[in-house]
Every structure is written in C-alpha cells, then in structure tokens.
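The file coords_19.txt contains compact mmCIF, C-alpha atoms:
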```txt
# COMPACT_ATOMS: atom_id res chain seq x y z
CA MET C 178 42.67 -7.19 -104.55
CA PRO C 179 43.49 -6.01 -108.07
CA THR C 180 46.59 -7.46 -109.62
CA ALA C 181 49.27 -5.44 -111.33
CA VAL C 182 48.49 -4.08 -114.77
CA SER C 183 50.20 -5.89 -117.61
CA PRO C 184 53.23 -3.94 -118.85
CA ALA C 185 52.40 -4.72 -122.47
CA VAL C 186 52.05 -1.54 -124.51
CA THR C 187 49.81 -1.63 -127.57
CA ALA C 188 50.85 1.82 -128.82
CA ALA C 189 53.66 4.34 -128.44
CA LEU C 190 52.28 6.24 -125.48
CA PRO C 191 53.36 9.82 -124.77
CA SER C 192 55.05 8.72 -121.53
CA SER C 193 57.36 6.32 -123.43
CA ASP C 194 57.89 8.06 -126.80
CA ASP C 195 61.07 10.11 -126.90
CA THR C 196 60.47 11.33 -130.46
CA LEU C 197 57.46 13.48 -129.58
CA PRO C 198 57.77 17.26 -129.56
CA ALA C 199 58.44 18.66 -126.13
CA LYS C 200 55.17 20.61 -126.21
CA ILE C 201 53.09 17.44 -126.74
CA LYS C 202 55.00 15.36 -124.20
CA SER C 203 54.79 18.01 -121.53
CA ILE C 204 50.99 17.95 -121.75
CA PHE C 205 50.82 14.35 -120.44
CA GLU C 206 53.37 15.07 -117.72
CA GLU C 207 50.98 17.60 -116.20
CA PRO C 208 47.69 16.65 -114.43
CA LEU C 209 45.03 15.78 -117.03
CA SER C 210 41.37 16.58 -117.24
CA LYS C 211 39.05 13.79 -116.10
CA ALA C 212 37.49 13.99 -119.58
CA PHE C 213 40.71 14.12 -121.60
CA PHE C 214 39.28 11.51 -124.01
CA PRO C 215 35.60 11.02 -124.97
CA ASP C 216 33.57 7.83 -125.07
CA GLY C 217 33.54 7.90 -128.89
CA THR C 218 36.11 8.74 -131.51
CA VAL C 219 38.65 11.40 -130.53
CA THR C 220 38.40 14.57 -132.62
CA GLU C 221 40.12 17.98 -132.63
CA LYS C 222 37.09 19.47 -130.95
CA ASP C 223 37.38 16.96 -128.09
CA VAL C 224 41.06 17.73 -127.69
CA ARG C 225 40.56 21.52 -127.63
CA SER C 226 37.76 21.09 -125.07
CA ALA C 227 39.87 18.83 -122.84
CA PHE C 228 43.19 20.71 -122.93
CA GLY C 229 41.89 24.28 -123.26
CA ASN C 230 44.33 27.15 -123.71
CA ILE C 231 47.29 24.85 -124.36
CA THR C 232 45.97 24.15 -127.87
CA LEU C 233 45.52 27.82 -128.88
CA ASN C 234 49.09 28.36 -130.12
CA MET C 235 49.45 24.87 -131.69
CA THR C 236 49.93 24.36 -135.37
CA ASP C 237 47.76 21.97 -137.34
CA ASP C 238 50.48 19.32 -137.28
CA GLU C 239 50.90 19.62 -133.54
CA LEU C 240 47.17 19.46 -133.02
CA SER C 241 46.90 16.35 -135.21
CA GLU C 242 49.73 14.75 -133.25
CA LEU C 243 47.94 15.49 -129.99
CA VAL C 244 44.75 13.88 -131.32
CA LYS C 245 46.77 10.80 -132.28
CA GLN C 246 48.39 10.56 -128.86
CA VAL C 247 45.06 10.88 -127.03
CA SER C 248 43.61 8.17 -129.29
CA ASP C 249 46.56 5.88 -128.44
CA VAL C 250 46.00 6.40 -124.74
CA LYS C 251 42.32 5.55 -125.13
CA ARG C 252 43.13 2.34 -127.03
CA ASP C 253 45.56 1.40 -124.30
CA VAL C 254 42.89 1.94 -121.64
CA ILE C 255 40.40 -0.20 -123.62
CA SER C 256 42.90 -3.01 -124.15
CA LEU C 257 44.02 -3.26 -120.53
CA GLY C 258 40.47 -2.64 -119.34
CA LYS C 259 39.20 -5.71 -121.22
CA GLN C 260 41.94 -7.81 -119.67
CA ARG C 261 41.36 -6.66 -116.10
CA VAL C 262 37.56 -6.85 -116.25
CA ARG C 263 37.67 -10.41 -117.59
CA GLU C 264 40.13 -11.35 -114.85
CA LEU C 265 37.69 -9.99 -112.28
CA LEU C 266 34.82 -12.02 -113.77
CA VAL C 267 36.86 -15.22 -113.59
CA GLU C 268 37.86 -14.37 -110.02
CA HIS C 269 34.22 -13.86 -109.00
CA SER C 270 33.12 -17.13 -110.63
CA LYS C 271 35.56 -19.17 -108.52
CA GLU C 272 33.23 -18.89 -105.53
CA PHE C 273 31.20 -21.69 -107.17
CA LEU C 274 33.19 -22.76 -110.27
CA HIS C 275 36.71 -23.75 -109.21
CA ASP C 276 37.59 -25.26 -112.59
CA ILE C 277 37.10 -22.00 -114.49
CA MET C 278 40.46 -20.45 -115.39
CA THR C 279 39.71 -18.22 -118.40
CA PHE C 280 36.94 -15.97 -119.67
CA GLU C 281 36.34 -18.35 -122.59
CA GLN C 282 35.72 -21.24 -120.17
CA LEU C 283 33.19 -19.09 -118.34
CA GLY C 284 31.33 -18.52 -121.63
CA THR C 285 31.36 -22.26 -122.34
CA TYR C 286 29.88 -22.95 -118.90
CA TRP C 287 26.94 -20.61 -119.56
CA LYS C 288 26.44 -22.12 -123.02
CA GLU C 289 26.06 -25.75 -121.87
CA PRO C 290 23.80 -26.20 -118.79
CA GLY C 291 21.10 -23.55 -119.14
CA THR C 292 19.73 -24.21 -115.64
CA GLU C 293 18.46 -21.96 -112.87
CA ASP C 294 21.60 -22.56 -110.82
CA ALA C 295 23.84 -21.67 -113.77
CA ALA C 296 21.88 -18.45 -114.35
CA ALA C 297 22.21 -17.49 -110.67
CA ILE C 298 25.96 -18.21 -110.65
CA LEU C 299 26.54 -16.14 -113.79
CA TRP C 300 24.38 -13.29 -112.47
CA GLN C 301 26.33 -13.29 -109.21
CA THR C 302 29.58 -13.29 -111.18
CA CYS C 303 28.65 -10.38 -113.46
CA TYR C 304 26.48 -8.24 -111.18
CA GLY C 305 26.16 -9.42 -107.58
CA SER C 306 29.88 -9.57 -106.80
CA PHE C 307 30.40 -6.05 -108.16
CA ASP C 308 27.67 -4.79 -105.80
CA PHE C 309 29.90 -5.59 -102.84
CA ARG C 310 33.08 -4.40 -104.59
CA ILE C 311 32.39 -0.72 -104.14
CA ASN C 312 34.11 1.66 -106.59
CA TRP C 313 35.88 -1.20 -108.34
CA GLU C 314 36.27 0.91 -111.52
CA LEU C 315 37.86 3.73 -109.50
CA ASP C 316 40.35 1.27 -108.01
CA LEU C 317 41.30 -0.04 -111.44
CA GLU C 318 41.51 3.52 -112.75
CA LYS C 319 44.01 4.48 -110.03
CA GLU C 320 45.95 1.29 -110.75
CA TYR C 321 46.23 2.20 -114.42
CA MET C 322 47.06 5.88 -113.85
CA ASP C 323 49.83 5.05 -111.37
CA HIS C 324 51.29 2.48 -113.74
CA ARG C 325 51.38 4.88 -116.71
CA GLY C 326 52.43 7.90 -114.69
CA TYR C 327 49.28 9.96 -115.33
CA SER C 328 47.24 12.02 -112.89
CA TYR C 329 44.01 14.01 -112.87
CA ALA C 330 43.68 17.72 -112.25
CA ASP C 331 41.52 18.34 -109.18
CA ASN C 332 38.85 20.85 -110.10
CA GLY C 333 35.26 21.12 -108.98
CA LYS C 334 33.80 21.25 -112.49
CA SER C 335 35.09 17.77 -113.48
CA PRO C 336 32.76 14.76 -113.19
CA THR C 337 33.04 12.36 -110.25
CA LYS C 338 34.39 9.55 -112.40
CA GLY C 339 37.20 10.03 -114.85
CA CYS C 340 37.18 8.89 -118.45
CA VAL C 341 39.30 5.83 -117.56
CA ALA C 342 36.77 4.64 -114.95
CA ARG C 343 33.88 5.17 -117.36
CA SER C 344 35.72 3.19 -120.01
CA LEU C 345 36.22 0.30 -117.56
CA ALA C 346 32.49 0.21 -116.77
CA VAL C 347 31.76 -0.03 -120.50
CA ARG C 348 34.21 -2.94 -120.77
CA ARG C 349 32.20 -4.88 -118.18
CA SER C 350 28.97 -4.33 -120.12
CA GLU C 351 30.68 -5.58 -123.28
CA ALA C 352 31.92 -8.69 -121.50
CA ILE C 353 28.41 -9.50 -120.24
CA LYS C 354 27.03 -9.15 -123.78
CA ILE C 355 29.66 -11.59 -125.03
CA LEU C 356 28.62 -14.13 -122.37
CA ASN C 357 24.93 -13.79 -123.25
CA LYS C 358 25.69 -14.38 -126.93
CA LYS C 359 27.32 -17.72 -126.07
CA SER C 360 23.86 -19.23 -125.46
CA GLU C 361 22.22 -18.03 -128.70
CA ARG C 362 22.64 -21.45 -130.33
CA SER C 363 21.78 -23.50 -127.23
CA HIS C 364 19.23 -22.51 -124.58
CA LYS C 365 19.07 -18.78 -125.61
CA GLY C 366 19.25 -17.65 -122.01
CA THR C 367 20.15 -14.14 -120.88
CA ILE C 368 21.05 -12.48 -117.60
CA TYR C 369 20.42 -8.80 -116.92
CA MET C 370 20.18 -6.11 -114.30
CA SER C 371 17.74 -3.73 -116.00
CA ARG C 372 14.14 -3.61 -114.82
CA LYS C 373 11.80 -5.48 -117.15
CA ASN C 374 8.55 -3.50 -117.08
CA VAL C 375 6.55 -6.48 -118.31
CA THR C 376 7.48 -8.60 -115.31
CA LEU C 377 7.48 -5.90 -112.62
CA GLU C 378 4.67 -5.68 -110.14
CA LYS C 379 2.75 -2.44 -109.82
CA GLY C 380 4.57 0.13 -107.72
CA ASN C 381 8.03 -1.50 -107.98
CA LYS C 382 9.21 0.37 -111.04
CA TYR C 383 11.03 3.04 -109.04
CA ALA C 384 11.89 0.94 -105.98
CA LYS C 385 15.47 0.98 -104.73
CA ARG C 386 17.40 -2.17 -105.49
CA LYS C 387 19.10 -4.00 -102.65
CA LYS C 388 22.72 -5.06 -103.11
CA GLY C 389 23.06 -8.60 -104.35
CA THR C 390 19.45 -8.70 -105.58
CA THR C 391 17.44 -7.46 -108.52
CA ILE C 392 14.00 -5.95 -108.96
CA GLY C 393 12.14 -8.32 -111.20
CA PRO C 394 13.76 -11.37 -112.81
CA HIS C 395 17.51 -11.78 -112.99
CA ALA C 396 17.55 -14.21 -115.91
CA THR C 397 15.41 -15.65 -118.68
CA ILE C 398 15.89 -19.13 -120.15
CA GLY C 399 13.58 -20.49 -122.83
CA GLY C 400 10.94 -17.85 -122.14
CA ARG C 401 10.91 -18.64 -118.42
CA ASN C 402 11.81 -15.85 -115.98
CA PHE C 403 13.78 -16.59 -112.81
CA PHE C 404 13.32 -14.51 -109.66
CA GLU C 405 14.84 -14.40 -106.16
CA VAL C 406 18.46 -14.80 -107.13
CA GLU C 407 19.49 -14.13 -103.51
CA LYS C 408 17.78 -17.31 -102.24
CA THR C 409 19.35 -19.38 -105.01
CA ILE C 410 22.82 -18.05 -104.19
CA GLU C 411 22.35 -18.80 -100.47
CA ARG C 412 21.31 -22.37 -101.30
CA LEU C 413 24.33 -22.86 -103.53
CA ARG C 414 26.63 -21.48 -100.83
CA GLU C 415 25.26 -23.89 -98.24
CA LYS C 416 25.72 -26.74 -100.70
CA ARG C 417 29.29 -25.66 -101.31
CA LYS C 418 30.00 -25.53 -97.57
CA GLY C 419 28.77 -29.11 -97.21
CA GLN C 420 31.06 -30.22 -100.02
CA LEU C 421 34.05 -28.48 -98.44
CA VAL C 422 33.37 -30.12 -95.06
CA SER C 423 33.13 -33.55 -96.72
CA GLU C 424 36.42 -32.97 -98.54
CA VAL C 425 38.18 -31.91 -95.33
CA LEU C 426 36.91 -34.96 -93.44
CA PHE C 427 37.90 -37.29 -96.27
CA ASN C 428 41.42 -35.82 -96.46
CA PHE C 429 41.78 -36.06 -92.68
CA SER C 430 40.70 -39.71 -92.62
CA THR C 431 43.08 -40.52 -95.49
CA GLN C 432 46.03 -38.89 -93.74
CA THR C 433 45.19 -40.62 -90.46
CA SER C 434 45.03 -44.08 -92.05
CA TYR C 435 48.59 -43.68 -93.36
CA SER C 436 50.08 -41.91 -90.33
CA PRO C 437 53.11 -43.39 -88.47
CA VAL C 438 50.97 -43.91 -85.35
CA SER C 439 48.54 -46.14 -87.21
CA GLN C 440 51.40 -48.10 -88.82
CA CYS C 441 52.96 -48.66 -85.39
CA SER C 442 49.66 -49.83 -83.95
CA THR C 443 49.19 -52.34 -86.77
CA SER C 444 52.66 -53.81 -86.31
CA SER C 445 52.67 -53.90 -82.49
CA PRO C 446 50.36 -56.96 -81.95
CA ALA C 447 53.03 -59.29 -83.30
CA LYS C 448 55.42 -58.09 -80.63
CA LEU C 449 52.78 -58.24 -77.91
CA LYS C 450 52.10 -61.93 -78.55
CA SER C 451 55.30 -62.86 -76.72
CA VAL C 452 54.04 -61.22 -73.54
CA SER C 453 51.99 -63.49 -71.26
CA LYS C 454 48.52 -62.46 -70.16
CA ASP C 455 49.64 -62.69 -66.53
CA GLU C 456 52.56 -60.36 -67.10
CA SER C 457 51.80 -56.75 -66.32
CA PRO C 458 53.42 -54.11 -68.59
CA THR C 459 53.47 -51.58 -65.80
CA ARG C 460 56.49 -51.07 -63.55
CA HIS C 461 55.90 -50.79 -59.81
CA SER C 462 58.12 -48.76 -57.51
CA PRO C 463 60.74 -50.65 -55.42
CA ARG C 464 59.28 -49.31 -52.18
CA LEU C 465 55.87 -50.78 -52.99
CA ARG C 466 57.40 -54.17 -53.85
CA LEU C 467 59.34 -54.25 -50.56
CA LYS C 468 56.15 -53.62 -48.64
CA GLU C 469 54.39 -56.42 -50.49
CA MET C 470 57.25 -58.87 -49.84
CA SER C 471 57.33 -58.17 -46.12
CA PRO C 472 55.92 -61.14 -44.09
CA THR C 473 53.85 -58.81 -41.93
CA SER C 474 52.45 -56.83 -44.84
CA PRO C 475 48.65 -56.89 -44.96
CA ILE C 476 48.88 -56.58 -48.75
CA ARG C 477 50.83 -59.83 -49.01
CA GLN C 478 48.55 -61.66 -46.58
CA THR C 479 45.47 -60.50 -48.49
CA ARG C 480 46.91 -61.48 -51.86
CA SER C 481 48.08 -64.83 -50.48
CA ARG C 482 44.49 -65.71 -49.59
CA SER C 483 42.89 -64.46 -52.82
CA SER C 484 45.40 -64.77 -55.65
CA PRO C 485 49.16 -65.36 -55.94
CA ILE C 486 51.46 -62.41 -56.36
CA GLN C 487 52.40 -62.00 -60.02
CA PRO C 488 55.91 -60.90 -60.88
CA ALA C 489 55.96 -57.34 -62.27
CA ARG C 490 57.70 -57.35 -65.63
CA SER C 491 58.07 -54.85 -68.45
CA ILE C 492 57.37 -55.54 -72.09
CA CYS C 493 60.84 -54.57 -73.23
CA THR C 494 63.26 -55.31 -70.36
CA PRO C 495 62.79 -57.47 -67.24
CA THR C 496 62.61 -55.64 -63.94
CA ARG C 497 65.13 -56.55 -61.27
CA ARG C 498 63.38 -57.66 -58.11
CA ALA C 499 64.40 -56.01 -54.86
CA ARG C 500 65.85 -58.26 -52.17
CA SER C 501 63.62 -58.68 -49.14
CA PRO C 502 64.94 -58.45 -45.58
CA SER C 503 64.20 -62.16 -45.04
CA SER C 504 66.49 -65.10 -44.73
CA SER C 505 68.79 -66.21 -47.55
CA SER C 506 66.82 -69.39 -48.19
CA ASP C 507 63.55 -67.50 -48.66
CA SER C 508 65.21 -64.90 -50.88
CA SER C 509 66.77 -67.59 -53.09
CA GLU C 510 63.43 -69.39 -53.27
CA THR C 511 61.67 -66.17 -54.27
CA GLN C 512 64.26 -65.42 -56.96
CA THR C 513 63.93 -68.94 -58.34
CA GLU C 514 60.15 -68.62 -58.53
CA SER C 515 60.30 -65.19 -60.19
CA SER C 516 62.89 -66.31 -62.77
CA ALA C 517 60.86 -69.38 -63.71
CA GLY C 518 57.68 -67.34 -63.96
CA LEU C 519 55.88 -69.67 -61.47
CA THR C 520 53.72 -68.83 -58.47
CA THR C 521 53.42 -70.51 -55.03
CA LYS C 522 50.65 -70.30 -52.53
CA ASN C 523 51.56 -69.22 -48.99
CA THR C 524 50.14 -71.58 -46.34
CA GLY C 525 51.10 -69.71 -43.20
CA PRO C 526 53.59 -67.50 -41.46
CA ARG C 527 57.16 -67.66 -42.55
CA VAL C 528 58.34 -68.94 -39.11
CA SER C 529 56.14 -72.05 -39.23
CA ARG C 530 57.12 -72.69 -42.84
CA SER C 531 60.83 -72.63 -41.87
CA PHE C 532 60.17 -75.04 -38.96
CA GLU C 533 58.43 -77.53 -41.25
CA GLN C 534 61.30 -77.40 -43.65
CA LYS C 535 63.77 -78.20 -40.84
CA GLU C 536 61.66 -81.16 -39.68
CA ASN C 537 61.43 -82.52 -43.19
CA ARG C 538 65.18 -82.27 -43.57
CA LYS C 539 65.72 -84.20 -40.30
CA GLU C 540 63.42 -87.00 -41.45
CA VAL C 541 65.13 -87.26 -44.81
CA SER C 542 68.59 -87.39 -43.21
CA SER C 543 67.51 -90.09 -40.72
CA LEU C 544 66.09 -92.25 -43.51
CA LEU C 545 69.27 -91.93 -45.49
CA GLN C 546 71.33 -93.07 -42.46
CA HIS C 547 69.23 -96.22 -42.10
```
Please re-express this file's structure in structure tokens.
Amino acid sequence: MPTAVSPAVTAALPSSDDTLPAKIKSIFEEPLSKAFFPDGTVTEKDVRSAFGNITLNMTDDELSELVKQVSDVKRDVISLGKQRVRELLVEHSKEFLHDIMTFEQLGTYWKEPGTEDAAAILWQTCYGSFDFRINWELDLEKEYMDHRGYSYADNGKSPTKGCVARSLAVRRSEAIKILNKKSERSHKGTIYMSRKNVTLEKGNKYAKRKKGTTIGPHATIGGRNFFEVEKTIERLREKRKGQLVSEVLFNFSTQTSYSPVSQCSTSSPAKLKSVSKDESPTRHSPRLRLKEMSPTSPIRQTRSRSSPIQPARSICTPTRRARSPSSSSDSSETQTESSAGLTTKNTGPRVSRSFEQKENRKEVSSLLQH
C-alpha cells in the first residue's frame, strides 16, 4: 500500500500561498483539467488551453502569475513523484534483497554482480512487480491530489490519465535509466522492456506480452542476452523459500535448547539419583493397596510366588501405607518392613505363620527357664 506523501513543500503552492490574488487562488480551488500542466515547459499557450475562458479577462501580470503557479505545481509533482517511485522500487526489491534500504543501495547492487540472477531481480523490481500493481500511477496520483487538495474536472474529452499520473510514469522511466547507468563502468549491463527486433523470432513482433514476462530478452550483460525471466524468478523464489524454512527451523531449535523445560530436564537427573530403582514414582490408590494386603487376595498370593511386593513411594513425599485388617503383630511387622525398605517372602498362609511363631516362642521360653 502507498505510504503518505511527504509534507515537504518545494515551492509556494497556490493552496498554501495567502498572498496570491483571489482570482488566481480560486482557480486551484475549483476542479482542474486533467491536462492543466504539459509534459514540457509551461507556457502561456498551455495555460490558456488548460484553463479556457478564465484567462480571457486576465491581465498580462495575472497571466504570468498563473504560469508561475502552474510551473510550481508541476515541480512539486516531479519532486514527490521521484521520492515515491524510488520508494516503490526499494519495496519491490525486498522480495529478494532484504538488505536494500535506499535507491542508491539498489544501484550499487546492480553495479557489482552483473549476473543473470541480478538482472532478473532488477527486471522484476523495475518492470515485473509493476505488472501486478495495476494502475499504480493512478493510485499515487489520487494520493497526491488528496494531500494537496486538488481535484479533476470530470469531462468526457479529457484523457484517461491525468497529467500527474503521466508525470509519475515518466519518473519511473528516469529511475530505471539511472540504475542502468550504474553499470557503465563495470559489466555494462542493461535491463529493458522494449522489444528488440534483432533478437525477436519471426512473427513475435506484435505478440501480446504476458504479465511478469517479456517478449525477447529482458537483459543484456557483456553482449549476452538473457531470456525467460519468469523461470529465473521462480527459481529464485523457491531458493528463498528454502532459506526461510531453514531460518525458522534454526530459530526454533535455538529457542528450544534454552527453554525452561530443557533446563529442568538437565537438572532433574541429580535429584533422581536419590530414588532407588526398586522405588516406583507412581502412587497407587488406597483401595488397591488394601486388596493386595489382604491374605486371601489372589494378587498377593501371585506376587508372593513370583516377586516380593515393593512399597509404593513417591519421589517427593513418602506415601502413608494403609492399615490392613489383620492382627496387630502382622501390621507392626509390615510397617517395620516398609519403613526399612526391605522385603520378605511369604511362605504360607497367615494362620500357619502365626502358629509357628507361637511354637517358637514356647521353645525359647522353655530354654530360658532351664
């Protein structure tokens, strides 16, 4: 989208000069002819032709003042037109040249490489991009007219484009000539849009040009003509897409390597060393543990034959074991085993194990009596 026109004024325009006669100032407050200034030097004849009957009753001084004011408006259009056209060229070049910030840098770029890719990029900047920016000069013309407070008179005899739009188109041609002159002392390359009859094939002289392409060569470097600018531009765009994808992946990997999650994962192994391999970090429900501790539980009998029951513990805080509905001696024994982190192998039913313990106690007591 076009940016706002610079408010800098190079001359005392009729819209801002309070010292002008009322007759002259009122002319620019009314809708103007689309040809109110010519492409060349402004003369009295041009002014009379553009403003018509208004100039019939003017004195020589008033007519000279009107010529001066029209010339000032034209200089203002040329000055701001150069600025806006060069801004557009720099904007178009950023599709491939992200380091280009000024029109002078763009000229330096064309001066140095002198390659086929450089010729295609410059051609796309100066011609191809404008193909897809339809009526760009009309948009800039409206931008300027609104900023200065001017308007065109709508009549069927006026040309399609106003004098401001035609002046802007000339400014683009001048800018392209300046860029081509940058390479006169280096590779002497040129870019162009005009059909070169020497290089055209028979029958293509009057062919219709497709947008973004040219009929015949689009550039000449060192006497060598370059064709098929569209294919070169597509190749450069694919190359640029690959570079952008690589940059995105690199930035993503860099951000991931320094993210808080990665820092936590690198520092967590030191804390995990204190946790035994046999200790499970998961927390089982109390109902499941009660079923496992029951003497008639098939889960406990199966585990007692295959592997001892491991105490369920958390990494951060120890889990309180639920009390089983067994005798006080068995519950105290189970708590002692769980607190010490040891495991015991069950040899039979709990009733037989309690009977053996009683017998052992009787034998010990009898030996102590003797």
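Take CA of Ala295 (chain C) and CA of Arg412 (chain C): the distance between them is 12.7 Å.
A straight line drawn from CA of Ser360 (chain C) to CA of Lys288 (chain C) is 4.6 Å long.
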- Query: How would you write as a list in words the residues that get within 8 Å of (22.6, -16.1, -120.4) in the file's frame, counting all atoms listed in the file?
  - Reply: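 Final list of nearby residues, as requested, is Trp287, Lys288, Gly291, Ala296, Leu299, Leu356, Asn357, Lys358, Lys359, Ser360, Lys365, Gly366, Thr367, Ile368, Ala396, Thr397 and Ile398 of chain C.
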- Task: Skip Val247 (chain C) itself and residues of its chain fewer than 2 positions away, then list as an MDAnalysis selection string all residues within 9 Å of it, counting all atoms listed in the file.
- Result: chainID C and resid 190:191 213:214 219 224 242:245 249:252
- Item | Separation of CA of Ser350 (chain C) from CA of Lys387 (chain C) in Å |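 Interatomic distance here is 20.1 Å.
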- Would you list the contacts of Glu351 (chain C) as a PyMOL selection string, taking every protein, DNA or RNA residue within 12 Å and counting all atoms listed in the file, but skipping same-chain residues closer than 5 positions in sequence? chain C and resi 255+258-259+262-263+303+344-346+356-358
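In terms of minimum interatomic distance to Cys340 (chain C), C:Lys211 ranks closest within C:Lys211, C:Lys202, C:Arg325, C:Arg362, counting all atoms listed in the file.
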- Query: Which residue gives the smallest distance to Thr236 (chain C) among C:Phe307, C:Glu207, C:Gly399, C:Lys200, with all atoms listed in the file counted?
  - Reply: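 Closest candidate: C:Lys200.
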